[in-house]
file run18.txt (compact mmCIF, C-alpha atoms)
# COMPACT_ATOMS: atom_id res chain seq x y z
CA MET A 1 63.25 73.77 118.80
CA ASP A 2 65.06 70.46 118.78
CA ALA A 3 67.62 71.71 116.30
CA THR A 4 69.67 73.89 118.68
CA LEU A 5 72.75 71.69 118.67
CA THR A 6 74.88 72.90 115.80
CA ASN A 7 78.41 71.89 116.72
CA GLN A 8 80.44 69.99 119.26
CA SER A 9 81.37 72.90 121.54
CA GLU A 10 77.74 73.83 122.07
CA ASN A 11 77.02 70.22 122.89
CA GLU A 12 79.60 70.36 125.69
CA ASN A 13 78.19 73.56 127.10
CA ILE A 14 74.58 72.50 127.13
CA TRP A 15 74.81 70.82 130.53
CA GLY A 16 77.45 73.26 131.76
CA GLY A 17 74.94 75.65 133.28
CA GLY A 18 73.62 78.99 132.18
CA ASN A 19 71.00 77.62 129.83
CA LYS A 20 67.99 75.32 129.87
CA PRO A 21 69.00 71.89 128.59
CA LEU A 22 65.43 70.62 128.60
CA ASN A 23 64.08 73.89 127.25
CA ALA A 24 61.93 74.37 130.35
CA SER A 25 62.52 76.85 133.15
CA TYR A 26 63.38 75.66 136.66
CA GLY A 27 59.93 76.53 138.05
CA LYS A 28 58.07 74.75 135.30
CA MET A 29 60.20 71.64 135.64
CA MET A 30 59.69 71.51 139.38
CA MET A 31 55.94 71.89 138.91
CA TRP A 32 56.10 68.92 136.54
CA PHE A 33 58.07 66.80 138.97
CA PHE A 34 55.69 67.72 141.79
CA ILE A 35 52.87 66.57 139.52
CA VAL A 36 54.68 63.29 138.87
CA SER A 37 54.99 62.61 142.60
CA ASP A 38 51.38 63.63 143.22
CA ALA A 39 50.27 61.37 140.38
CA LEU A 40 52.06 58.49 142.10
CA THR A 41 50.28 59.34 145.37
CA PHE A 42 46.90 59.25 143.66
CA SER A 43 47.74 56.02 141.85
CA GLY A 44 48.66 54.53 145.22
CA PHE A 45 45.20 55.44 146.54
CA LEU A 46 43.39 54.20 143.46
CA ALA A 47 45.42 50.98 143.42
CA ALA A 48 44.48 50.43 147.07
CA TYR A 49 40.86 50.99 146.07
CA GLY A 50 41.31 48.41 143.33
CA PHE A 51 42.80 46.04 145.91
CA SER A 52 39.67 46.30 148.07
CA ARG A 53 37.41 45.85 145.08
CA PHE A 54 39.15 42.69 143.95
CA LYS A 55 39.16 41.43 147.53
CA TYR A 56 35.37 41.92 147.71
CA ILE A 57 34.81 41.33 144.01
CA ASP A 58 31.44 39.62 144.50
CA SER A 59 30.03 41.99 147.13
CA TRP A 60 31.19 45.50 146.25
CA PRO A 61 28.39 48.14 146.06
CA ILE A 62 27.12 49.00 142.57
CA ALA A 63 27.84 52.66 141.85
CA ASP A 64 24.63 53.16 139.85
CA GLU A 65 22.59 52.21 142.91
CA VAL A 66 24.51 54.58 145.19
CA PHE A 67 25.01 57.73 143.14
CA ASN A 68 21.62 58.16 141.51
CA HIS A 69 20.64 61.68 142.52
CA PHE A 70 20.17 64.70 140.33
CA PRO A 71 19.29 68.20 141.55
CA PHE A 72 15.52 68.96 141.45
CA LEU A 73 14.69 65.37 140.46
CA HIS A 74 13.56 63.89 143.75
CA GLY A 75 13.08 60.15 143.85
CA VAL A 76 14.00 59.80 140.17
CA ASP A 77 16.61 57.15 139.53
CA ALA A 78 19.24 59.12 137.60
CA PRO A 79 22.58 57.36 137.80
CA MET A 80 25.69 58.96 136.29
CA TYR A 81 24.13 62.14 134.90
CA TYR A 82 25.20 64.36 137.76
CA VAL A 83 28.77 63.16 137.90
CA ALA A 84 29.02 63.39 134.10
CA LEU A 85 27.94 67.02 134.46
CA MET A 86 30.65 67.57 137.08
CA THR A 87 33.22 66.07 134.70
CA PHE A 88 32.16 68.48 131.97
CA VAL A 89 32.43 71.42 134.37
CA LEU A 90 35.99 70.45 135.27
CA ILE A 91 37.08 69.78 131.67
CA PHE A 92 35.58 73.12 130.65
CA SER A 93 37.43 74.98 133.38
CA SER A 94 40.55 73.23 132.08
CA VAL A 95 39.85 74.70 128.66
CA THR A 96 39.48 78.24 130.01
CA MET A 97 42.80 77.68 131.78
CA VAL A 98 44.56 76.76 128.50
CA LEU A 99 42.99 79.82 126.89
CA ALA A 100 44.39 81.95 129.73
CA VAL A 101 47.87 80.46 129.20
CA ASP A 102 47.61 81.14 125.48
CA ALA A 103 46.47 84.73 126.05
CA GLY A 104 49.48 85.06 128.38
CA HIS A 105 51.81 84.06 125.56
CA HIS A 106 50.38 86.95 123.55
CA MET A 107 50.66 89.32 126.56
CA LYS A 108 46.94 90.12 126.55
CA LYS A 109 46.41 91.06 130.19
CA ASN A 110 42.63 91.52 130.15
CA LYS A 111 42.04 88.24 128.35
CA VAL A 112 44.23 86.38 130.82
CA ALA A 113 42.33 87.90 133.75
CA PHE A 114 38.96 87.05 132.20
CA TYR A 115 39.85 83.42 131.52
CA MET A 116 41.46 83.02 134.96
CA LEU A 117 38.22 84.27 136.52
CA LEU A 118 36.19 81.79 134.48
CA THR A 119 38.53 79.00 135.64
CA VAL A 120 38.04 80.02 139.29
CA VAL A 121 34.26 80.00 138.80
CA GLY A 122 34.41 76.55 137.17
CA GLY A 123 36.45 75.22 140.08
CA ALA A 124 34.01 76.68 142.60
CA VAL A 125 31.04 75.12 140.77
CA PHE A 126 32.81 71.77 140.85
CA LEU A 127 33.51 72.08 144.59
CA GLY A 128 29.86 72.91 145.24
CA SER A 129 28.76 69.87 143.24
CA GLN A 130 31.18 67.72 145.17
CA ALA A 131 29.71 68.99 148.45
CA TRP A 132 26.21 68.12 147.24
CA GLU A 133 27.37 64.66 146.26
CA TRP A 134 28.87 64.16 149.72
CA LYS A 135 25.68 65.38 151.35
CA ASN A 136 23.61 62.78 149.49
CA PHE A 137 26.12 60.08 150.26
CA ILE A 138 26.26 60.91 153.99
CA ASN A 139 22.51 61.28 154.44
CA GLY A 140 21.63 58.17 152.47
CA GLN A 141 18.16 57.61 151.16
CA TYR A 142 16.68 54.31 152.33
CA GLY A 143 18.52 52.99 155.37
CA ALA A 144 19.59 49.40 156.02
CA VAL A 145 20.60 47.07 158.84
CA GLU A 146 23.95 45.49 159.57
CA THR A 147 24.46 41.94 160.80
CA LYS A 148 26.92 40.79 163.43
CA GLY A 149 29.35 39.79 160.67
CA GLY A 150 29.31 43.30 159.20
CA GLN A 151 27.07 42.45 156.24
CA ILE A 152 24.65 45.15 155.08
CA LEU A 153 21.05 44.05 154.50
CA GLN A 154 18.85 46.34 152.42
CA PHE A 155 15.07 46.17 152.12
CA VAL A 156 13.28 45.79 148.79
CA SER A 157 9.64 45.48 147.84
CA ALA A 158 8.63 42.03 146.55
CA ASP A 159 6.41 43.58 143.85
CA THR A 160 8.69 46.17 142.28
CA GLY A 161 12.11 45.00 143.38
CA LYS A 162 12.90 48.60 144.33
CA ARG A 163 14.46 49.59 147.62
CA VAL A 164 12.14 50.58 150.45
CA ASN A 165 12.65 53.38 152.91
CA LEU A 166 12.88 52.44 156.61
CA SER A 167 10.27 55.09 157.45
CA SER A 168 7.68 53.41 155.21
CA PHE A 169 7.51 50.18 157.23
CA ALA A 170 9.19 50.59 160.63
CA ALA A 171 6.81 49.95 163.52
CA SER A 172 6.39 52.51 166.27
CA ILE A 173 7.54 51.17 169.62
CA PRO A 174 7.83 53.92 172.23
CA THR A 175 11.06 53.67 174.17
CA ASP A 176 13.01 55.70 176.69
CA ARG A 177 16.32 55.13 174.93
CA ALA A 178 17.98 58.50 174.41
CA GLN A 179 21.33 59.47 172.98
CA HIS A 180 23.95 59.44 175.72
CA GLN A 181 25.66 62.79 176.00
CA SER A 182 28.76 63.43 178.02
CA LYS A 183 27.02 66.19 180.01
CA ASN A 184 24.52 63.63 181.40
CA GLY A 185 27.00 61.05 182.63
CA VAL A 186 30.67 60.37 182.82
CA TRP A 187 32.23 63.28 180.97
CA TYR A 188 34.53 61.22 178.78
CA VAL A 189 31.88 58.80 177.54
CA THR A 190 29.78 59.88 174.60
CA GLU A 191 27.69 58.28 171.87
CA SER A 192 27.03 59.03 168.25
CA THR A 193 23.56 60.05 167.04
CA LEU A 194 20.95 57.33 167.38
CA PRO A 195 19.27 56.17 164.17
CA THR A 196 15.73 57.42 163.55
CA TYR A 197 14.32 53.93 164.13
CA SER A 198 15.48 51.43 166.69
CA LEU A 199 16.43 47.91 165.69
CA ASP A 200 13.28 46.51 167.34
CA GLU A 201 11.08 48.88 165.35
CA VAL A 202 12.71 47.87 162.06
CA LYS A 203 12.50 44.17 162.90
CA ALA A 204 8.85 44.36 164.00
CA GLY A 205 7.92 46.39 160.92
CA PHE A 206 9.69 43.92 158.66
CA LEU A 207 7.97 40.89 160.19
CA ALA A 208 4.57 42.56 159.96
CA ASN A 209 4.91 43.37 156.26
CA ASP A 210 4.81 40.33 153.96
CA GLN A 211 5.76 42.34 150.92
CA LEU A 212 9.30 43.02 152.13
CA LEU A 213 12.38 41.07 151.14
CA ILE A 214 16.05 41.42 152.00
CA LYS A 215 18.69 42.35 149.47
CA THR A 216 22.16 41.15 150.40
CA GLN A 217 25.58 42.49 149.53
CA GLN A 218 26.42 39.47 147.40
CA ASN A 219 26.26 39.57 143.60
CA ASP A 220 24.89 36.84 141.38
CA GLU A 221 26.57 35.86 138.10
CA GLN A 222 25.05 38.81 136.23
CA GLY A 223 26.43 41.26 138.78
CA HIS A 224 23.07 42.04 140.40
CA LYS A 225 22.60 41.93 144.15
CA ILE A 226 20.99 38.70 145.43
CA VAL A 227 17.49 39.16 146.87
CA LEU A 228 16.50 36.52 149.44
CA ASN A 229 13.06 34.92 149.56
CA ARG A 230 10.71 35.66 152.44
CA GLU A 231 11.63 32.70 154.70
CA VAL A 232 15.38 33.28 154.41
CA SER A 233 14.80 37.02 154.85
CA ILE A 234 12.97 36.45 158.14
CA ASN A 235 15.82 34.25 159.30
CA LYS A 236 18.37 36.84 158.21
CA ILE A 237 16.75 39.84 159.92
CA SER A 238 17.15 38.12 163.28
CA GLN A 239 20.92 38.45 162.86
CA ALA A 240 20.79 42.23 162.52
CA VAL A 241 22.57 44.22 165.21
CA HIS A 242 22.62 47.81 163.89
CA VAL A 243 20.34 50.16 162.02
CA VAL A 244 22.42 52.04 159.44
CA GLU A 245 21.29 55.31 157.88
CA GLY A 246 23.55 56.96 155.32
CA ALA A 247 27.30 56.71 155.56
CA ASN A 248 30.13 57.47 157.93
CA LEU A 249 33.65 56.15 158.34
CA ILE A 250 32.54 53.15 160.42
CA ARG A 251 29.62 51.80 158.39
CA ASN A 252 27.45 52.79 155.46
CA GLU A 253 24.12 51.58 154.13
CA TYR A 254 25.54 50.82 150.67
CA GLY A 255 27.73 47.86 151.60
CA SER A 256 31.34 47.33 152.62
CA PRO A 257 32.63 50.00 155.04
CA LEU A 258 35.73 50.29 152.84
CA PHE A 259 33.55 51.63 150.04
CA GLY A 260 32.59 54.63 152.16
CA ASN A 261 36.12 55.08 153.47
CA PHE A 262 37.68 55.11 150.02
CA PHE A 263 34.96 57.41 148.69
CA PHE A 264 35.53 59.93 151.47
CA PHE A 265 39.30 59.67 151.30
CA ILE A 266 39.92 59.75 147.54
CA THR A 267 37.24 62.23 146.51
CA GLY A 268 38.12 64.23 149.63
CA PHE A 269 41.81 64.31 148.73
CA HIS A 270 40.95 65.26 145.17
CA GLY A 271 38.49 67.90 146.41
CA PHE A 272 41.26 69.32 148.58
CA HIS A 273 43.44 69.59 145.48
CA VAL A 274 40.63 71.40 143.68
CA PHE A 275 40.23 73.72 146.67
CA THR A 276 43.92 74.63 146.75
CA GLY A 277 43.84 74.95 142.96
CA VAL A 278 41.01 77.47 143.20
CA LEU A 279 42.92 79.42 145.88
CA ILE A 280 46.13 79.49 143.81
CA ASN A 281 44.20 80.46 140.67
CA LEU A 282 42.58 83.28 142.64
CA ILE A 283 45.98 84.58 143.80
CA ILE A 284 47.32 84.45 140.24
CA PHE A 285 44.16 86.17 139.02
CA PHE A 286 44.77 89.10 141.38
CA ASN A 287 48.42 89.20 140.36
CA VAL A 288 47.35 89.43 136.72
CA VAL A 289 44.88 92.19 137.51
CA ILE A 290 47.42 94.33 139.37
CA GLY A 291 49.87 93.81 136.51
CA THR A 292 52.62 91.81 138.23
CA TYR A 293 53.29 89.65 135.18
CA GLU A 294 52.93 92.55 132.78
CA LYS A 295 55.86 94.17 134.62
CA ARG A 296 57.79 90.89 134.74
CA GLY A 297 57.49 90.61 130.97
CA HIS A 298 56.06 87.10 130.82
CA TYR A 299 53.08 85.12 132.07
CA GLU A 300 54.90 81.93 133.00
CA MET A 301 53.25 81.78 136.44
CA VAL A 302 49.90 81.36 134.70
CA GLU A 303 51.37 78.43 132.79
CA LYS A 304 52.66 76.81 136.01
CA VAL A 305 49.37 77.01 137.90
CA GLY A 306 47.74 75.89 134.66
CA LEU A 307 49.76 72.69 134.82
CA TYR A 308 48.53 72.08 138.37
CA TRP A 309 44.94 72.78 137.38
CA HIS A 310 45.06 70.39 134.43
CA PHE A 311 46.53 67.76 136.71
CA VAL A 312 43.53 68.10 139.03
CA ASP A 313 41.32 67.56 135.98
CA LEU A 314 43.41 64.58 134.94
CA VAL A 315 43.01 62.94 138.36
CA TRP A 316 39.26 63.49 138.26
CA VAL A 317 39.07 61.65 134.93
CA PHE A 318 40.50 58.59 136.71
CA VAL A 319 38.40 59.02 139.88
CA PHE A 320 35.31 59.30 137.65
CA THR A 321 36.17 56.05 135.90
CA PHE A 322 37.03 54.00 138.96
CA PHE A 323 34.29 55.20 141.29
CA TYR A 324 31.37 55.66 138.93
CA LEU A 325 31.90 53.68 135.75
CA VAL A 326 33.87 50.52 136.45
CA MET B 1 57.40 85.43 123.99
CA ALA B 2 56.61 83.42 120.94
CA VAL B 3 56.01 79.76 121.66
CA GLU B 4 55.91 77.19 118.92
CA HIS B 5 52.96 74.85 119.00
CA LYS B 6 52.42 71.61 117.19
CA LEU B 7 48.92 71.89 115.82
CA SER B 8 48.25 68.35 114.63
CA ILE B 9 46.46 65.67 116.62
CA PHE B 10 45.63 62.04 115.78
CA ARG B 11 49.13 61.55 114.29
CA GLY B 12 48.73 64.41 111.85
CA TYR B 13 45.31 63.33 110.64
CA LEU B 14 43.75 66.52 111.97
CA THR B 15 45.60 69.83 111.83
CA PHE B 16 44.25 73.04 113.33
CA LYS B 17 44.94 76.57 112.14
CA SER B 18 45.68 78.07 115.55
CA ILE B 19 46.31 76.97 119.12
CA THR B 20 42.90 78.29 120.22
CA GLN B 21 41.21 76.17 117.57
CA LYS B 22 43.16 73.14 118.69
CA ILE B 23 42.05 73.66 122.31
CA TRP B 24 38.38 73.72 121.30
CA GLY B 25 38.94 70.72 119.03
CA VAL B 26 40.44 68.73 121.89
CA LEU B 27 37.58 69.80 124.17
CA ILE B 28 35.07 68.45 121.63
CA PHE B 29 37.03 65.21 121.39
CA LEU B 30 37.19 64.81 125.20
CA SER B 31 33.46 65.56 125.47
CA ILE B 32 32.63 62.92 122.87
CA VAL B 33 34.73 60.33 124.72
CA THR B 34 33.04 61.22 128.05
CA LEU B 35 29.65 61.00 126.37
CA ILE B 36 30.46 57.53 125.02
CA GLU B 37 31.49 56.48 128.53
CA VAL B 38 28.29 57.82 130.08
CA VAL B 39 26.05 56.22 127.43
CA LEU B 40 27.83 52.87 127.80
CA GLY B 41 27.58 53.21 131.59
CA ILE B 42 23.84 53.80 131.45
CA PHE B 43 22.86 51.18 128.87
CA LYS B 44 25.50 48.54 129.69
CA PRO B 45 25.19 46.48 126.46
CA GLN B 46 24.90 42.76 127.17
CA VAL B 47 27.64 41.94 124.65
CA LEU B 48 30.21 43.82 126.71
CA MET B 49 29.42 41.93 129.92
CA ASN B 50 31.69 39.03 128.96
CA THR B 51 34.81 38.64 131.04
CA PHE B 52 38.22 39.16 129.51
CA LEU B 53 41.42 38.77 131.57
CA GLY B 54 39.54 38.89 134.88
CA MET B 55 37.50 41.99 134.06
CA LYS B 56 34.34 42.74 132.12
CA LEU B 57 34.90 43.92 128.55
CA LEU B 58 32.94 47.08 129.41
CA ASN B 59 35.39 47.92 132.20
CA TRP B 60 38.34 47.43 129.84
CA ILE B 61 36.72 49.88 127.43
CA PHE B 62 36.20 52.41 130.24
CA ILE B 63 39.82 52.16 131.34
CA ILE B 64 41.19 52.45 127.80
CA LEU B 65 38.98 55.47 127.08
CA THR B 66 40.18 57.05 130.34
CA ILE B 67 43.81 56.61 129.36
CA ILE B 68 43.04 58.15 125.96
CA LYS B 69 41.49 61.14 127.71
CA ALA B 70 44.48 61.42 130.04
CA TYR B 71 46.80 61.39 127.03
CA TYR B 72 45.04 64.30 125.34
CA ILE B 73 44.82 66.32 128.56
CA ALA B 74 48.54 65.88 129.17
CA TRP B 75 49.66 66.29 125.56
CA ASP B 76 47.47 69.22 124.49
CA PHE B 77 46.23 71.01 127.62
CA MET B 78 49.49 70.57 129.51
CA HIS B 79 51.52 71.21 126.32
CA LEU B 80 53.60 68.04 126.59
CA ARG B 81 53.38 67.84 122.80
CA ASP B 82 55.47 71.02 122.59
CA GLU B 83 58.13 69.95 125.09
CA ARG B 84 61.43 68.28 124.25
CA ARG B 85 61.30 64.54 123.95
CA ASN B 86 63.70 63.84 126.82
CA PHE B 87 61.71 66.10 129.15
CA THR B 88 58.45 64.37 128.20
CA SER B 89 60.07 60.98 128.77
CA SER B 90 61.41 61.94 132.19
CA ILE B 91 57.85 62.80 133.23
CA VAL B 92 55.92 59.97 131.61
CA LEU B 93 58.28 57.00 131.90
CA PRO B 94 58.39 56.80 135.74
CA LEU B 95 54.59 56.78 135.77
CA LEU B 96 54.36 54.21 132.98
CA ILE B 97 56.77 51.88 134.81
CA LEU B 98 55.69 52.29 138.43
CA ILE B 99 51.90 52.45 138.21
CA PRO B 100 51.27 49.22 136.25
CA TYR B 101 53.79 47.49 138.53
CA LEU B 102 51.96 48.58 141.70
CA VAL B 103 48.54 47.82 140.24
CA PHE B 104 49.67 44.38 139.09
CA ILE B 105 51.00 43.41 142.52
CA LEU B 106 48.00 44.72 144.47
CA LEU B 107 45.35 43.21 142.22
CA ILE B 108 47.00 39.77 142.13
CA GLU B 109 47.28 39.84 145.91
CA ALA B 110 43.65 40.96 146.32
CA ASP B 111 42.48 38.17 144.06
CA TYR B 112 44.39 35.70 146.23
CA ILE B 113 42.75 37.07 149.39
CA TYR B 114 39.36 36.76 147.72
CA ASP B 115 40.08 33.09 147.03
CA VAL B 116 41.13 32.52 150.62
CA MET B 117 37.97 34.15 151.91
CA THR B 118 35.78 32.17 149.52
CA ASP B 119 37.36 28.72 149.95
CA GLY B 120 38.99 29.06 153.34
CA PHE B 121 37.65 27.82 156.63
CA VAL B 122 36.82 31.24 158.04
CA SER B 123 33.18 32.25 157.77
CA TRP B 124 32.70 35.94 157.21
CA ASN B 125 29.18 36.02 155.83
CA PHE B 126 26.95 35.84 158.91
call {"tool": "encode", "arguments": {"input": "run18.txt", "output": "structure tokens"}}
result
Amino acid sequence: MDATLTNQSENENIWGGGNKPLNASYGKMMMWFFIVSDALTFSGFLAAYGFSRFKYIDSWPIADEVFNHFPFLHGVDAPMYYVALMTFVLIFSSVTMVLAVDAGHHMKKNKVAFYMLLTVVGGAVFLGSQAWEWKNFINGQYGAVETKGGQILQFVSADTGKRVNLSSFAASIPTDRAQHQSKNGVWYVTESTLPTYSLDEVKAGFLANDQLLIKTQQNDEQGHKIVLNREVSINKISQAVHVVEGANLIRNEYGSPLFGNFFFFITGFHGFHVFTGVLINLIIFFNVVIGTYEKRGHYEMVEKVGLYWHFVDLVWVFVFTFFYLV
Amino acid sequence: MAVEHKLSIFRGYLTFKSITQKIWGVLIFLSIVTLIEVVLGIFKPQVLMNTFLGMKLLNWIFIILTIIKAYYIAWDFMHLRDERRNFTSSIVLPLLILIPYLVFILLIEADYIYDVMTDGFVSWNF
């Protein structure tokens, strides 16, 4: 294909209009340049994430301790497996997309439709997995407290070194404190949901149980979180000001608030790309089925949405590395 | 609409008979790379915990493997291998120039802020 230039006059005409100097149609080129700009957007986000990590290099949450759920395995520590599965789902749906593009080159309408459908299903499975991941992240598992300086303190058992659930040690202190709702007071003042246990209950429960220690956000030289001894722990718990369960945009029980913010923002932005990708694939699927591209004589639209879909896969490969592996 | 495909990967070391075969071959390759990443991520060999240029060796391996994966997705799934060289360059070069530049600036700056927070007079761990 590179050998189209045979003489000088053709060389002058090649940029003169009426042909494709780069051997790609206008639509395909614009899809590529959109992808370039979108890739720069995502690299901006991931670079900002890297900025925060290097800023908090000795206190950033450890991914294996945060994302350790697997469906139907309750309480089993299973880091990485689930997200590896999600990666395979997305790469596989990328493969069905290439197969659809290839079938399009051979004008096999039914094959294109079948592979497009498989791609849509793969995308939907990925989105569902992402939602489950978010659910686990938002609900949290153990709970923690936050100090006045914004440091997260987690609770571990002195015997096993494993994290301990707030519900397993919090004392029961009856109180009248109820969530303030705007209908009960000034209409413009409202309050977010109260944690299951009040700060006093957590503190009292912690002091009563000698087997509990506090795990800080800070890493030691080996990259493990530092666990304080009992005396320092008792001193530290007195500085707590909030009970934190799960994650939201203000604070999360895993560590730095930025960790939660970047997780929501980057995986959310990627998930939004997947969602639009599924929608566009669905539209193209219906177009294939009703024979639009058969009439047009070529399946280039399938190729263009294919590029977008592969790009979504490509971004996930990086998100996977920077959020779960590194 | 006949489209020419280049069917060799690994610099011609491996040549497939058809485009469909190549797609499955690349899928197997990408799966193996992901599997290596997951296994390394779970076992975290002690040898790879040494620091090299400000990052653990293990993290360098992860990032290099990721870039390898990205290369094969772009070159084989997105058919960049079959495009003209100047078109490929116009897509890849801006990314290759701008992204390392941005990452370099942000990470150096973040490292500086970390130093300030560690050695400075402001207490933030309370």
call {"tool": "atom_distance", "arguments": {"input": "run18.txt", "atom1": "atom CA of A:Gly143", "atom2": "atom CA of A:Leu166"}}
result
5.8 Å
call {"tool": "interface_residues", "arguments": {"input": "run18.txt", "of": "chain B", "to": "chain A", "cutoff": "8 Å", "atoms": "only C-alpha atoms", "output": "PyMOL selection string"}}
result
chain B and resi 1-3+19-20+23-24+27+31+34+37-38+41-42+58-59+62-63+66+69-70+73-74+77-78+83-84+86-87+91+95+99+102-103+106-107+109-114+124-126
call {"tool": "write_last_selection", "arguments": {"input": "run18.txt", "atoms": "C-alpha atoms", "output": "PDB file, in the coordinates of the input"}}
result
ATOM      1  CA  MET B   1      57.400  85.430 123.990  1.00  0.00           C
ATOM      2  CA  ALA B   2      56.610  83.420 120.940  1.00  0.00           C
ATOM      3  CA  VAL B   3      56.010  79.760 121.660  1.00  0.00           C
ATOM      4  CA  ILE B  19      46.310  76.970 119.120  1.00  0.00           C
ATOM      5  CA  THR B  20      42.900  78.290 120.220  1.00  0.00           C
ATOM      6  CA  ILE B  23      42.050  73.660 122.310  1.00  0.00           C
ATOM      7  CA  TRP B  24      38.380  73.720 121.300  1.00  0.00           C
ATOM      8  CA  LEU B  27      37.580  69.800 124.170  1.00  0.00           C
ATOM      9  CA  SER B  31      33.460  65.560 125.470  1.00  0.00           C
ATOM     10  CA  THR B  34      33.040  61.220 128.050  1.00  0.00           C
ATOM     11  CA  GLU B  37      31.490  56.480 128.530  1.00  0.00           C
ATOM     12  CA  VAL B  38      28.290  57.820 130.080  1.00  0.00           C
ATOM     13  CA  GLY B  41      27.580  53.210 131.590  1.00  0.00           C
ATOM     14  CA  ILE B  42      23.840  53.800 131.450  1.00  0.00           C
ATOM     15  CA  LEU B  58      32.940  47.080 129.410  1.00  0.00           C
ATOM     16  CA  ASN B  59      35.390  47.920 132.200  1.00  0.00           C
ATOM     17  CA  PHE B  62      36.200  52.410 130.240  1.00  0.00           C
ATOM     18  CA  ILE B  63      39.820  52.160 131.340  1.00  0.00           C
ATOM     19  CA  THR B  66      40.180  57.050 130.340  1.00  0.00           C
ATOM     20  CA  LYS B  69      41.490  61.140 127.710  1.00  0.00           C
ATOM     21  CA  ALA B  70      44.480  61.420 130.040  1.00  0.00           C
ATOM     22  CA  ILE B  73      44.820  66.320 128.560  1.00  0.00           C
ATOM     23  CA  ALA B  74      48.540  65.880 129.170  1.00  0.00           C
ATOM     24  CA  PHE B  77      46.230  71.010 127.620  1.00  0.00           C
ATOM     25  CA  MET B  78      49.490  70.570 129.510  1.00  0.00           C
ATOM     26  CA  GLU B  83      58.130  69.950 125.090  1.00  0.00           C
ATOM     27  CA  ARG B  84      61.430  68.280 124.250  1.00  0.00           C
ATOM     28  CA  ASN B  86      63.700  63.840 126.820  1.00  0.00           C
ATOM     29  CA  PHE B  87      61.710  66.100 129.150  1.00  0.00           C
ATOM     30  CA  ILE B  91      57.850  62.800 133.230  1.00  0.00           C
ATOM     31  CA  LEU B  95      54.590  56.780 135.770  1.00  0.00           C
ATOM     32  CA  ILE B  99      51.900  52.450 138.210  1.00  0.00           C
ATOM     33  CA  LEU B 102      51.960  48.580 141.700  1.00  0.00           C
ATOM     34  CA  VAL B 103      48.540  47.820 140.240  1.00  0.00           C
ATOM     35  CA  LEU B 106      48.000  44.720 144.470  1.00  0.00           C
ATOM     36  CA  LEU B 107      45.350  43.210 142.220  1.00  0.00           C
ATOM     37  CA  GLU B 109      47.280  39.840 145.910  1.00  0.00           C
ATOM     38  CA  ALA B 110      43.650  40.960 146.320  1.00  0.00           C
ATOM     39  CA  ASP B 111      42.480  38.170 144.060  1.00  0.00           C
ATOM     40  CA  TYR B 112      44.390  35.700 146.230  1.00  0.00           C
ATOM     41  CA  ILE B 113      42.750  37.070 149.390  1.00  0.00           C
ATOM     42  CA  TYR B 114      39.360  36.760 147.720  1.00  0.00           C
ATOM     43  CA  TRP B 124      32.700  35.940 157.210  1.00  0.00           C
ATOM     44  CA  ASN B 125      29.180  36.020 155.830  1.00  0.00           C
ATOM     45  CA  PHE B 126      26.950  35.840 158.910  1.00  0.00           C
TER      46      PHE B 126
END
call {"tool": "atom_distance", "arguments": {"input": "run18.txt", "atom1": "atom CA of A:Lys295", "atom2": "atom CA of A:Asn110"}}
result
14.2 Å
call {"tool": "atom_distance", "arguments": {"input": "run18.txt", "atom1": "atom CA of B:Lys56", "atom2": "atom CA of A:Ala63"}}
result
15.3 Å
call {"tool": "residues_around", "arguments": {"input": "run18.txt", "residues": "stretch 247-256 of chain A", "least_positions_apart": "4", "cutoff": "10 Å", "atoms": "only C-alpha atoms", "output": "PyMOL selection string"}}
result
chain A and resi 52-53+56+59-63+65-66+134-146+150-154+216-218+242-243+260-265
call {"tool": "closest_residue", "arguments": {"input": "run18.txt", "among": "B:Gly54, B:Val39, B:Gln46, B:His5", "to": "B:Lys17", "atoms": "all atoms listed in the file"}}
result
B:His5
call {"tool": "residues_around", "arguments": {"input": "run18.txt", "residues": "B:Leu7", "least_positions_apart": "4", "cutoff": "10 Å", "atoms": "only C-alpha atoms", "output": "VMD selection string"}}
result
chain B and resid 12 14 to 23 76 81 to 82
call {"tool": "decode", "arguments": {"input": "run18.txt", "residues": "stretch 38-42 of chain B", "atoms": "N, CA, C and O atoms", "output": "mmCIF file, in the first residue's frame"}}
result
data_model
loop_
_atom_site.group_PDB
_atom_site.id
_atom_site.type_symbol
_atom_site.label_atom_id
_atom_site.label_comp_id
_atom_site.auth_asym_id
_atom_site.auth_seq_id
_atom_site.Cartn_x
_atom_site.Cartn_y
_atom_site.Cartn_z
ATOM 1 N N VAL B 38 -0.803 -10.495 37.352
ATOM 2 C CA VAL B 38 -1.610 -10.874 38.510
ATOM 3 C C VAL B 38 -0.795 -11.748 39.466
ATOM 4 O O VAL B 38 -0.799 -11.542 40.684
ATOM 5 N N VAL B 39 -0.054 -12.711 38.898
ATOM 6 C CA VAL B 39 0.740 -13.611 39.748
ATOM 7 C C VAL B 39 1.802 -12.817 40.507
ATOM 8 O O VAL B 39 1.974 -12.979 41.721
ATOM 9 N N LEU B 40 2.493 -11.911 39.796
ATOM 10 C CA LEU B 40 3.492 -11.070 40.471
ATOM 11 C C LEU B 40 2.835 -10.216 41.546
ATOM 12 O O LEU B 40 3.369 -10.028 42.631
ATOM 13 N N GLY B 41 1.625 -9.701 41.241
ATOM 14 C CA GLY B 41 0.923 -8.843 42.184
ATOM 15 C C GLY B 41 0.489 -9.590 43.429
ATOM 16 O O GLY B 41 0.406 -9.011 44.510
ATOM 17 N N ILE B 42 0.199 -10.883 43.291
ATOM 18 C CA ILE B 42 -0.236 -11.653 44.452
ATOM 19 C C ILE B 42 0.961 -12.108 45.279
ATOM 20 O O ILE B 42 0.969 -11.998 46.496
#
